[in-house]
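Heads up: the structure comes next, in structure tokens.
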Amino acid sequence: MPIKVGDRLPPDIKFRVMGPDGPIWKTTEEVFKGKKVVLFAVPGAFTPTCNNNHLPGFLKNVDAFKGKGSDTVAVTGVNDVFVFDAWKKSTGAGGKIEFLADGNGEFAKALDMTMDGSGGGLGIRSKRYAMLVEDGVVKKLNVEAVPGNAETSSADNLLKQMS
């Protein structure tokens, strides 16, 4: 059953993030415990909707999210840490958005938020969504019905829902 508002994220799923000396592991507990986190998920780095529409909206609104009490704005997707690091650098999002590579899809699977992109040669990927998480508990969740759209899961839509 897919994750829903009121559910707690599993604390022990590991993301890969790029550290100063190369890739390191970071658990969901390290990312979310005691924090208010805006998390959005994409089917793939550098794909047209993700790169040209979804990520730019969150990048543009980082300060607005922080103004509403968010400690972190983060993105996840089923991509390896090297692709995510290149995407971070190419978009100028370093130091603004945390890039959480879910290379094996463990986070997406644990939330039951996978999609099959095999028809487009992408394999199993994350659904496109945006959520507000407070101390590991999902407070808002906007899942996109069509992976090529970024409207329900847009930064503007989530920002309007935050008090």
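Identifiers in this document derive from the order of the structure tokens: chains are assigned A, B, ..., residues are numbered from 1 separately in each chain, and ligands are numbered from 1 in order of occurrence.
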Taking the chain letters and numbering used in this document, name the residues of chain A that DSSP puts in strand (DSSP E or B), as an MDAnalysis selection string. chainID A and resid 8 14:19 22:27 36:42 72:77 98:101 114:116 124:126 129:134 137:143
Using only C-alpha atoms, determine which residues lie at most 12 Å from Gly67 of chain A, disregarding the query and same-chain residues fewer than 5 positions distant; provide the list as a ChimeraX atom specification. /A:36,61-62,72-73,159,162-163
Those residues you just picked out, can you put them in a file as a tab-separated table (two decimals), in the first residue's frame with C-alpha atoms?
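Output file part-v5.tsv is given in full below:
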```
chain	number	residue	atom	x	y	z
A	36	LYS	CA	10.80	19.67	8.57
A	61	ASN	CA	11.20	28.38	-4.12
A	62	VAL	CA	13.89	27.20	-1.68
A	72	THR	CA	15.69	21.11	4.05
A	73	VAL	CA	14.50	20.85	0.47
A	159	LEU	CA	3.97	25.76	-0.99
A	162	MET	CA	2.05	24.75	3.91
A	163	SER	CA	0.95	26.87	6.85
```
Residues of segment 53-130 of chain A at most 9 Å from segment 5-15 of chain A: nearest atom pair and distance in Å, only C-alpha atoms, as a tab-separated table:
```
residue	atom	partner	partner_atom	distance
A:Thr76	CA	A:Phe15	CA	8.6
A:Val81	CA	A:Phe15	CA	8.7
A:Leu100	CA	A:Phe15	CA	5.6
A:Ala101	CA	A:Phe15	CA	5.5
A:Asp102	CA	A:Phe15	CA	5.4
A:Gly103	CA	A:Phe15	CA	7.7
A:Glu106	CA	A:Ile13	CA	6.8
A:Phe107	CA	A:Ile13	CA	6.1
A:Ala110	CA	A:Pro10	CA	7.4
A:Leu111	CA	A:Leu9	CA	7.7
```
Based on the selection just made, write N, CA, C and O atoms of those residues as a compact mmCIF listing (two decimals), in the first residue's frame.
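Just written: result02.txt:
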```
# COMPACT_ATOMS: atom_id res chain seq x y z
N THR A 76 14.74 13.15 -4.54
CA THR A 76 15.16 11.76 -4.66
C THR A 76 14.68 11.21 -5.99
O THR A 76 13.76 11.74 -6.61
N VAL A 81 24.36 7.89 -7.60
CA VAL A 81 24.86 9.10 -6.96
C VAL A 81 25.67 9.97 -7.92
O VAL A 81 25.67 11.20 -7.80
N LEU A 100 19.34 13.13 -2.98
CA LEU A 100 19.34 11.83 -2.31
C LEU A 100 19.16 10.73 -3.36
O LEU A 100 18.04 10.41 -3.76
N ALA A 101 20.26 10.14 -3.80
CA ALA A 101 20.20 9.10 -4.83
C ALA A 101 19.67 7.80 -4.23
O ALA A 101 20.18 7.31 -3.22
N ASP A 102 18.66 7.27 -4.86
CA ASP A 102 18.02 6.01 -4.47
C ASP A 102 18.32 4.98 -5.57
O ASP A 102 17.42 4.46 -6.22
N GLY A 103 19.60 4.74 -5.76
CA GLY A 103 20.07 3.94 -6.90
C GLY A 103 19.43 2.59 -7.07
O GLY A 103 19.20 2.15 -8.19
N GLU A 106 15.34 1.42 -3.27
CA GLU A 106 14.89 0.92 -1.97
C GLU A 106 13.89 1.87 -1.29
O GLU A 106 12.91 1.41 -0.69
N PHE A 107 14.13 3.16 -1.38
CA PHE A 107 13.22 4.13 -0.78
C PHE A 107 11.89 4.11 -1.53
O PHE A 107 10.82 4.03 -0.92
N ALA A 110 10.03 0.97 -0.63
CA ALA A 110 9.53 0.97 0.75
C ALA A 110 8.27 1.83 0.89
O ALA A 110 7.41 1.53 1.71
N LEU A 111 8.16 2.87 0.06
CA LEU A 111 6.99 3.75 0.09
C LEU A 111 5.91 3.29 -0.88
O LEU A 111 4.85 3.89 -0.95
```
Among listed residues A:Arg125, A:His54, A:Lys88, A:Lys35, nearest Asn149 of chain A (using only C-alpha atoms):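 Ranked by minimum distance to Asn149 of chain A, first place goes to A:His54.
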Go through A:Leu158, A:Ala45, A:Val143, A:Val137 one by one, measure the shortest atom-to-atom distance of each to Glu29 of chain A using only C-alpha atoms, and give the residue with the smallest value.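 Between A:Leu158, A:Ala45, A:Val143, A:Val137, the residue approaching Glu29 of chain A most closely is A:Val137.
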Ala41 of chain A environment, 9 Å, only C-alpha atoms, sequence neighbours closer than 5 positions dropped, as a PyMOL selection string: chain A and resi 74-78+108+126-131+153
